[in-house]
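Student: Supplied structure: entry_19.txt, compact mmCIF, C-alpha atoms.
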```txt
# COMPACT_ATOMS: atom_id res chain seq x y z
CA MET A 324 0.00 0.00 0.00
CA LYS A 325 1.06 3.57 -0.72
CA LEU A 326 0.38 6.01 2.13
CA ILE A 327 0.22 9.73 1.33
CA ILE A 328 0.16 12.32 4.11
CA HIS A 329 -0.36 15.86 2.86
CA ASP A 330 -1.28 19.40 3.82
CA LEU A 331 -2.86 20.43 0.51
CA ASP A 332 -6.18 22.24 0.48
CA GLN A 333 -9.19 20.42 -0.94
CA GLU A 334 -8.91 21.97 -4.40
CA GLN A 335 -5.18 21.23 -4.70
CA ALA A 336 -5.73 17.68 -3.42
CA ARG A 337 -8.48 17.08 -5.99
CA ARG A 338 -6.18 18.24 -8.82
CA ILE A 339 -2.99 16.49 -7.74
CA LEU A 340 -3.70 13.34 -5.78
CA PRO A 341 -4.87 9.99 -7.12
CA ALA A 342 -8.26 8.74 -5.99
CA PRO A 343 -7.95 6.68 -2.80
CA ASN A 344 -8.26 2.94 -3.36
CA GLU A 345 -7.17 -0.24 -1.65
CA ASP A 346 -3.58 0.37 -2.80
CA CYS A 347 -3.47 4.07 -1.92
CA HIS A 348 -4.44 5.52 1.44
CA ILE A 349 -4.54 9.29 1.83
CA ILE A 350 -4.26 11.18 5.11
CA ASP A 351 -5.21 14.82 4.86
CA THR A 352 -4.68 17.45 7.51
CA THR A 353 -7.51 19.83 6.66
CA THR A 354 -8.71 19.32 10.21
CA MET A 355 -5.59 20.12 12.23
CA PRO A 356 -4.44 16.97 14.08
CA LYS A 357 -4.34 17.11 17.85
CA PRO A 358 -0.70 17.28 18.90
CA CYS A 359 1.19 14.43 20.54
CA ARG A 360 1.00 14.71 24.35
CA GLY A 361 4.34 13.06 24.93
CA CYS A 362 2.70 10.46 27.20
CA PHE A 363 4.34 7.43 25.50
CA HIS A 364 1.14 5.45 26.02
CA CYS A 365 1.49 4.32 22.39
CA TRP A 366 4.51 2.36 23.65
CA ILE A 367 3.62 1.21 27.14
CA LYS A 368 -0.17 1.29 27.64
CA THR A 369 -1.74 0.64 24.22
CA PRO A 370 1.35 -0.54 22.29
CA GLY A 371 1.26 0.60 18.67
CA GLN A 372 -1.79 2.84 19.07
CA CYS A 373 -2.06 6.50 20.08
CA ILE A 374 -4.52 7.11 22.92
CA ILE A 375 -5.97 10.29 21.36
CA PRO A 376 -9.21 9.11 19.73
CA ASP A 377 -9.23 10.75 16.31
CA ALA A 378 -8.39 10.02 12.67
CA TYR A 379 -4.66 9.86 13.46
CA GLN A 380 -4.89 7.27 16.22
CA ASN A 381 -3.60 4.36 14.14
CA MET A 382 -0.82 6.00 12.17
CA GLY A 383 1.76 3.47 13.38
CA ALA A 384 -0.21 0.52 12.01
CA LEU A 385 -0.99 2.38 8.76
CA ILE A 386 2.69 3.02 8.14
CA GLY A 387 3.38 -0.58 9.12
CA ARG A 388 1.08 -1.77 6.31
CA SER A 389 2.66 0.54 3.73
CA ARG A 390 5.39 -0.21 1.24
CA GLU A 391 5.74 3.50 0.47
CA LEU A 392 5.23 6.59 2.63
CA ILE A 393 4.92 9.87 0.75
CA LEU A 394 4.73 13.25 2.45
CA ILE A 395 3.51 16.22 0.43
CA SER A 396 4.15 19.30 2.49
CA SER A 397 5.06 22.93 2.49
CA CYS A 398 8.52 23.50 3.94
CA LEU A 399 8.74 25.52 7.14
CA TYR A 400 12.28 26.45 8.24
CA GLY A 401 13.56 23.19 6.71
CA CYS A 402 10.92 21.02 8.33
CA GLU A 403 7.56 19.63 7.24
CA SER A 404 4.55 21.89 7.85
CA PRO A 405 3.20 21.85 11.44
CA ALA A 406 0.14 19.79 10.42
CA VAL A 407 2.20 17.09 8.67
CA LYS A 408 4.74 17.14 11.50
CA MET A 409 1.96 16.66 14.05
CA VAL A 410 0.84 13.54 12.15
CA LEU A 411 4.43 12.25 12.16
CA ASP A 412 4.74 12.99 15.89
CA ARG A 413 1.61 10.87 16.39
CA SER A 414 3.18 8.00 14.41
CA ILE A 415 5.87 6.83 16.83
CA GLY A 416 3.80 3.72 17.55
CA TYR A 417 5.35 2.52 14.30
CA MET A 418 8.56 2.12 16.27
CA LEU A 419 9.38 0.34 19.49
CA PRO A 420 10.66 2.28 22.49
CA LEU A 421 13.69 -0.02 22.56
CA PHE A 422 16.99 1.18 21.18
CA HIS A 423 19.64 -0.30 18.98
CA ILE A 424 22.87 1.13 17.64
CA THR A 425 23.23 1.72 13.93
CA ARG A 426 25.92 3.82 12.21
CA ASN A 427 27.28 4.42 15.70
CA GLU A 428 24.05 6.22 16.70
CA MET A 429 21.19 5.20 18.93
CA HIS A 430 17.88 4.66 17.13
CA HIS A 431 14.57 2.96 17.79
CA LEU A 432 13.86 -0.60 16.75
CA SER A 433 10.99 -1.05 14.32
CA ARG A 434 7.71 -2.70 15.35
CA TYR A 435 6.96 -3.80 11.79
CA PRO A 436 9.20 -5.91 9.54
CA ARG A 437 8.62 -4.15 6.22
CA ARG A 438 11.24 -1.68 5.03
CA LEU A 439 9.39 1.11 3.30
CA ARG A 440 10.25 3.68 0.67
CA PHE A 441 10.13 7.20 2.14
CA ARG A 442 9.60 10.08 -0.23
CA VAL A 443 9.08 13.69 0.75
CA LEU A 444 7.83 16.21 -1.77
CA PHE A 445 8.17 19.75 -0.49
CA TYR A 446 6.40 22.55 -2.31
CA GLY A 447 6.61 26.33 -2.16
CA GLY A 448 8.22 29.19 -4.00
CA ALA A 449 10.12 30.78 -1.15
CA ILE A 450 12.19 27.92 0.24
CA THR A 451 15.73 29.19 0.89
CA GLU A 452 18.86 27.19 0.07
CA MET A 453 19.55 26.84 3.81
CA GLU A 454 16.06 25.46 4.36
CA LYS A 455 16.54 23.00 1.51
CA ALA A 456 19.83 21.80 2.99
CA THR A 457 18.25 21.44 6.44
CA ALA A 458 15.22 19.62 5.02
CA SER A 459 17.37 17.14 3.09
CA ARG A 460 19.36 16.28 6.23
CA LEU A 461 16.23 16.09 8.38
CA ILE A 462 14.48 13.69 6.01
CA LYS A 463 17.55 11.43 5.93
CA ALA A 464 17.53 11.33 9.74
CA GLN A 465 13.79 10.57 9.79
CA ALA A 466 14.32 7.84 7.20
CA LEU A 467 16.93 6.25 9.43
CA ASN A 468 14.46 6.15 12.31
CA LEU A 469 11.74 4.77 10.02
CA LYS A 470 14.21 2.08 8.83
CA ALA A 471 13.39 3.12 5.27
CA ARG A 472 15.14 1.22 2.49
CA PHE A 473 14.89 4.20 0.14
CA VAL A 474 14.70 7.92 0.81
CA GLU A 475 14.08 10.82 -1.52
CA THR A 476 13.60 14.54 -0.86
CA ARG A 477 12.41 16.81 -3.67
CA PHE A 478 11.39 20.46 -3.90
CA PHE A 479 8.68 21.80 -6.20
CA THR A 480 7.69 25.30 -7.14
CA ASP A 481 4.95 24.19 -9.53
CA MET A 482 2.19 22.19 -7.88
CA GLU A 483 1.27 20.46 -11.14
CA THR A 484 4.68 18.79 -11.35
CA ILE A 485 4.04 17.06 -8.02
CA LYS A 486 1.36 15.05 -9.79
CA GLU A 487 3.95 13.66 -12.18
CA ALA A 488 6.25 12.75 -9.30
CA LEU A 489 3.66 10.61 -7.53
CA MET B 273 17.62 45.13 33.14
CA MET B 274 17.60 42.40 30.50
CA LYS B 275 14.26 40.86 29.58
CA ILE B 276 14.23 37.15 28.81
CA ALA B 277 11.29 35.22 27.35
CA VAL B 278 11.51 31.44 27.56
CA LEU B 279 9.40 29.32 25.25
CA ILE B 280 8.84 25.83 26.64
CA GLY B 281 7.83 23.64 23.70
CA SER B 282 7.02 20.45 25.56
CA PRO B 283 3.39 19.30 25.86
CA LYS B 284 4.21 18.42 29.47
CA GLY B 285 4.71 22.10 30.31
CA ALA B 286 6.16 22.93 33.73
CA LYS B 287 6.62 19.23 34.57
CA SER B 288 8.75 18.64 31.49
CA THR B 289 12.44 17.94 31.03
CA SER B 290 12.54 21.05 28.80
CA PHE B 291 11.42 23.19 31.74
CA ARG B 292 13.76 21.53 34.26
CA LEU B 293 16.77 21.90 31.96
CA PHE B 294 15.98 25.57 31.43
CA LYS B 295 15.74 26.11 35.20
CA GLU B 296 19.23 24.65 35.61
CA LEU B 297 20.54 26.95 32.89
CA GLN B 298 18.80 29.94 34.46
CA GLY B 299 20.65 29.29 37.72
CA LEU B 300 23.90 29.97 35.88
CA VAL B 301 22.87 33.22 34.16
CA ASN B 302 24.49 36.23 35.81
CA GLY B 303 23.21 39.74 36.16
CA GLU B 304 19.79 41.21 36.71
CA HIS B 305 17.17 39.92 34.40
CA GLU B 306 13.44 39.63 34.25
CA CYS B 307 12.37 36.23 33.02
CA GLN B 308 8.99 35.22 31.65
CA GLU B 309 8.33 31.54 31.02
CA LEU B 310 5.72 30.71 28.40
CA ILE B 311 4.38 27.19 28.09
CA LEU B 312 3.56 26.54 24.44
CA ASP B 313 1.86 23.15 24.71
CA ASN B 314 -0.56 23.69 21.85
CA PRO B 315 -0.34 25.38 18.44
CA GLU B 316 -1.29 28.84 19.75
CA VAL B 317 0.42 31.80 21.35
CA SER B 318 -1.62 34.04 23.65
CA ALA B 319 -1.69 37.82 23.20
CA ALA B 320 0.06 38.21 26.57
CA GLY B 321 2.71 35.72 25.44
CA LEU B 322 3.29 37.62 22.21
CA GLN B 323 3.60 40.86 24.18
CA ALA B 324 6.27 39.32 26.44
CA ILE B 325 8.16 38.03 23.40
CA ALA B 326 7.94 41.40 21.66
CA GLU B 327 9.55 43.13 24.65
CA SER B 328 12.27 40.54 25.21
CA ASP B 329 15.97 41.12 24.60
CA ILE B 330 16.60 37.40 24.72
CA LEU B 331 14.48 34.49 23.59
CA ILE B 332 15.26 30.99 24.80
CA LEU B 333 13.59 27.99 23.17
CA SER B 334 13.58 24.76 25.18
CA PHE B 335 11.92 21.72 23.66
CA PRO B 336 12.21 17.97 23.19
CA LEU B 337 13.29 16.36 19.92
CA TYR B 338 10.21 14.89 18.23
CA PHE B 339 10.70 12.66 15.21
CA ASP B 340 14.12 14.26 14.60
CA GLY B 341 12.70 17.78 14.57
CA ILE B 342 10.72 20.43 16.39
CA PRO B 343 7.43 19.15 17.91
CA GLY B 344 4.60 19.97 15.47
CA HIS B 345 2.53 22.06 17.90
CA PHE B 346 5.59 24.14 18.82
CA LEU B 347 6.59 24.50 15.17
CA ALA B 348 3.09 25.93 14.54
CA CYS B 349 3.80 28.71 17.06
CA LEU B 350 7.00 29.87 15.37
CA PRO B 351 5.48 31.63 12.29
CA ILE B 352 3.05 33.47 14.60
CA ILE B 353 6.01 34.81 16.57
CA ALA B 354 8.08 35.45 13.42
CA LYS B 355 5.30 37.54 11.87
CA MET B 356 5.44 39.86 14.86
CA ILE B 357 9.23 40.06 15.18
CA GLU B 358 9.67 40.64 11.42
CA ASN B 359 7.72 43.86 11.80
CA GLN B 360 9.52 45.28 14.81
CA LYS B 361 12.84 47.08 14.96
CA HIS B 362 13.85 45.53 18.26
CA LYS B 363 15.26 42.07 17.45
CA PRO B 364 15.96 39.54 20.19
CA THR B 365 18.98 37.25 20.43
CA VAL B 366 17.75 33.66 20.28
CA TYR B 367 19.19 30.61 22.07
CA ALA B 368 17.91 27.03 21.94
CA LEU B 369 18.04 24.02 24.24
CA VAL B 370 17.02 20.80 22.51
CA HIS B 371 17.03 17.47 24.31
CA ALA B 372 16.65 14.00 22.89
CA GLY B 373 15.87 10.55 24.26
CA PHE B 374 18.73 9.25 22.14
CA PHE B 375 22.16 9.16 23.75
CA GLU B 376 23.85 11.41 21.22
CA GLY B 377 23.10 15.12 21.51
CA LYS B 378 24.32 15.42 17.92
CA GLN B 379 20.97 14.04 16.79
CA CYS B 380 19.45 17.43 17.71
CA VAL B 381 21.43 19.10 14.92
CA ASN B 382 18.53 19.29 12.44
CA ALA B 383 16.09 20.73 15.00
CA ILE B 384 18.66 23.40 15.87
CA ALA B 385 19.19 24.08 12.14
CA CYS B 386 15.41 24.66 11.81
CA CYS B 387 15.59 27.14 14.72
CA LYS B 388 18.44 28.95 12.95
CA ASN B 389 16.41 29.15 9.73
CA TRP B 390 13.51 30.60 11.73
CA VAL B 391 15.81 33.22 13.26
CA ALA B 392 17.33 34.10 9.87
CA GLY B 393 13.85 34.47 8.33
CA MET B 394 12.81 37.12 10.85
CA ALA B 395 16.23 38.84 10.82
CA ALA B 396 16.79 38.23 14.53
CA ILE B 397 20.16 37.26 16.02
CA TRP B 398 21.20 33.64 16.57
CA GLY B 399 22.92 33.27 19.94
CA GLY B 400 23.64 29.55 20.02
CA GLY B 401 22.14 26.16 20.67
CA VAL B 402 22.81 23.13 22.82
CA GLY B 403 21.73 19.64 21.76
CA ILE B 404 21.49 17.34 24.77
CA GLY B 405 21.50 13.55 24.50
CA ALA B 406 19.60 11.52 27.12
CA GLY B 407 18.09 14.80 28.32
CA ALA B 408 15.49 13.32 30.68
CA ALA B 409 18.12 11.15 32.39
CA LEU B 410 20.50 14.09 32.82
CA ALA B 411 17.74 16.34 34.16
CA SER B 412 16.70 13.69 36.70
CA LEU B 413 20.24 13.33 38.11
CA LYS B 414 19.73 16.31 40.40
CA GLN B 415 21.93 14.76 43.10
CA VAL B 416 24.92 15.14 40.75
CA ALA B 417 26.16 18.73 40.56
CA LEU B 418 26.33 20.33 37.12
CA GLY B 419 29.82 20.01 35.73
CA GLN B 420 30.58 16.94 37.86
CA GLY B 421 30.62 13.21 37.11
CA LYS B 422 27.78 12.10 34.84
CA ARG B 423 26.77 15.73 34.24
CA LYS B 424 30.20 17.08 33.45
CA SER B 425 29.57 17.83 29.76
CA LEU B 426 26.13 19.29 30.54
CA GLY B 427 27.74 21.64 33.05
CA VAL B 428 30.44 22.73 30.60
CA ALA B 429 27.90 23.46 27.84
CA PHE B 430 25.45 25.21 30.19
CA THR B 431 28.18 27.36 31.74
CA ALA B 432 29.31 28.55 28.30
CA LEU B 433 25.71 29.16 27.18
CA ALA B 434 24.76 30.98 30.40
CA LYS B 435 27.80 33.25 30.09
CA ALA B 436 26.86 34.04 26.49
CA ILE B 437 23.28 34.83 27.57
CA SER B 438 24.54 37.05 30.41
CA ASP B 439 26.68 39.01 27.92
CA LYS B 440 24.09 38.76 25.13
CA ARG B 441 26.66 37.42 22.71
CA GLN B 442 27.02 34.46 20.39
CA VAL B 443 28.41 31.06 21.36
CA PRO B 444 29.12 28.10 19.04
CA ASP B 445 26.44 25.41 19.02
CA ALA B 446 27.32 22.48 21.29
CA TYR B 447 26.17 18.87 21.26
CA LEU B 448 26.69 16.67 24.28
CA SER B 449 26.10 13.16 25.51
CA PRO B 450 26.02 12.07 29.15
CA ASP B 451 29.27 11.18 30.84
CA PHE B 452 28.47 7.52 31.30
CA PRO B 453 28.60 4.60 28.85
CA ARG B 454 25.99 4.34 26.14
CA PHE B 455 25.29 0.65 26.82
CA VAL B 456 24.45 1.48 30.46
CA TYR B 457 21.97 4.14 29.34
CA LYS B 458 20.40 1.69 26.88
CA LEU B 459 20.02 -0.98 29.56
CA LEU B 460 18.49 1.49 32.04
CA VAL B 461 16.02 2.86 29.50
CA HIS B 462 14.91 -0.63 28.47
CA ARG B 463 14.45 -1.61 32.11
CA ASN B 464 12.39 1.53 32.62
CA TRP B 465 10.09 0.67 29.70
CA TYR B 466 9.57 -2.88 30.98
CA ALA B 467 8.68 -1.51 34.42
CA SER B 468 6.19 0.91 32.83
CA LEU B 469 4.55 -1.97 30.95
CA LYS B 470 4.11 -3.86 34.21
CA HIS B 471 2.52 -0.78 35.73
CA HIS B 472 -0.13 -1.01 32.99
CA ASN B 473 -0.63 -4.76 33.58
CA LEU B 474 1.11 -5.67 30.32
CA LYS B 475 3.78 -8.27 29.67
CA ARG B 476 7.07 -7.80 27.83
CA LYS B 477 5.73 -9.51 24.73
CA ASP B 478 2.89 -6.94 24.59
CA LEU B 479 5.47 -4.28 23.85
CA TYR B 480 5.95 -5.81 20.38
CA ARG B 481 2.22 -5.91 19.57
CA ARG B 482 1.42 -5.33 15.89
CA LEU B 483 -1.96 -3.94 15.00
CA PRO B 484 -3.67 -5.27 11.84
```
Please render this file's structure as structure tokens.

Tutor:
Amino acid sequence: MKLIIHDLDQEQARRILPAPNEDCHIIDTTTMPKPCRGCFHCWIKTPGQCIIPDAYQNMGALIGRSRELILISSCLYGCESPAVKMVLDRSIGYMLPLFHITRNEMHHLSRYPRRLRFRVLFYGGAITEMEKATASRLIKAQALNLKARFVETRFFTDMETIKEAL
Amino acid sequence: MMKIAVLIGSPKGAKSTSFRLFKELQGLVNGEHECQELILDNPEVSAAGLQAIAESDILILSFPLYFDGIPGHFLACLPIIAKMIENQKHKPTVYALVHAGFFEGKQCVNAIACCKNWVAGMAAIWGGGVGIGAGAALASLKQVALGQGKRKSLGVAFTALAKAISDKRQVPDAYLSPDFPRFVYKLLVHRNWYASLKHHNLKRKDLYRRLP
């Protein structure tokens, strides 16, 4: 399954995104997600599931079922948009709280066996070179924690070209 | 008198590691200063909070590393603040404390880079950042004096940062790990998680639960 998390408005989403089907699940952020509370209950009380009862409660399992995770987001200071980042923050149930050492750094073990493809498509006309450099490094670090087998970060000024990249 | 506004970006507010680490740093800052602590635990900034930020000479961000970056709710507050600072002549000097659950403070580098981009975008002044590995563990070791034993590196980094804040000048970014072995930290954290599971009447195998 391909999982797309985006912050596009309804009109942009209608123009750019494929229709959802059994092979493509789309998470939109038109209703702002509730932020992670930092309670870690998704690790030690309801393992794998966030305790906040809303549409983003099962992000860990959704990512676990996906072969490809695609983020379509504006770029804010070299990071994903707050809405997309809040969804990611709510997705740590995808990982285990336990650590292992890889590339001489501490990272989380994965709850799910599949190694996904992680692609991030940033859009916006005013992204600075510094922000692009930060974003590229940030996405590589996130990919390492997601145990992704492939990572790609791209920047778009023309929304229509995102459609071709999907 | 110098005015300092502190933005605590943890959803746990005044009970958070972010708050406790800032309090330790504050103890090292010399000179007279008026300090206002603002808890930003949701994606909004109050009018009173914005007023305090507008009047500040120094802004200190203290937040946990979330998914390798700035927590989403805290990130949402930054453009609101930037919009105000962009339009004022008086620009604060900005410092950042970022702490991670990972052992290596270096893993905070991208979150600090985002803070720097935010500062550059509103033409404020970057003062310096500290990335702290195993932040919660270091904050909880209150019986160990800063700069001693397991908190030696934390003390060195905080002393340099506090001096820079006192003088309102720039300091190079610093990344630190605790002064005890990584494998010990890993063992202690794992033991802590297993104990938490037990507290919720779960077994070790439940930790690995996969949802359909």

Student: In terms of the shortest atom-to-atom distance over only C-alpha atoms, which of A:Glu452, A:Phe473, A:Asp351, A:Leu392 is closest to Leu489 (chain A)?

Tutor: A:Leu392

Student: Might you pull out every residue within 12 Å of Ile367 (chain A), with only C-alpha atoms counted and same-chain residues fewer than 2 positions away left off, and present them as a PyMOL selection string?

Tutor: (chain A and resi 362-365+369-374+415-416+418-421) or (chain B and resi 462+464-481)

Student: Would you work out the distance separating CA of Ile357 (chain B) from CA of Leu433 (chain B), expressed in Å to one decimal?

Tutor: 23.1 Å

Student: So which one's closest to Leu331 (chain B), B:His345, B:Lys378, B:Lys275, B:Lys435? Using all atoms listed in the file, please.

Tutor: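 Nearest candidate to Leu331 (chain B) out of B:His345, B:Lys378, B:Lys275, B:Lys435: B:Lys275.
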
Student: With 8 Å as the limit and counting only C-alpha atoms, what residues in chain B lie close to chain A? Please list them as a PyMOL selection string.

Tutor: chain B and resi 282-284+314+338-341+343-345+347-348+374-376+382+385-387+389-390+458+461-462+465+468-469+472+474+478-484

Student: Considering all atoms listed in the file, state which residue in the set A:Cys347, A:Ile327, A:Cys398, A:Ala488 is at the smallest distance from Phe441 (chain A).

Tutor: A:Ile327

Student: Write out as a VMD selection string the residues lying within 8 Å of Ile280 (chain B), counting all atoms listed in the file and excluding same-chain residues fewer than 5 positions away.

Tutor: chain B and resid 285 290 to 291 309 to 313 333 to 335

Student: Which residue gives the smallest distance to Gly427 (chain B) among B:Leu293, B:Ala395, B:Cys307, B:Leu460, with all atoms listed in the file counted?

Tutor: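 When distances to Gly427 (chain B) are compared using all atoms listed in the file, the smallest one comes from B:Leu293.
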
Student: Which polymer residues, whether protein, DNA or RNA, lie within 12 Å of the coordinate (34.1, 8.8, 33.1) when you count all atoms listed in the file? List them as a VMD selection string, using the chain letters and numbers from the file.

Tutor: chain B and resid 420 to 425 449 to 454

Student: To one decimal place, how far is CA of Ser318 (chain B) from CA of Ala354 (chain B) in Å?

Tutor: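 Distance between the two atoms: 14.2 Å.
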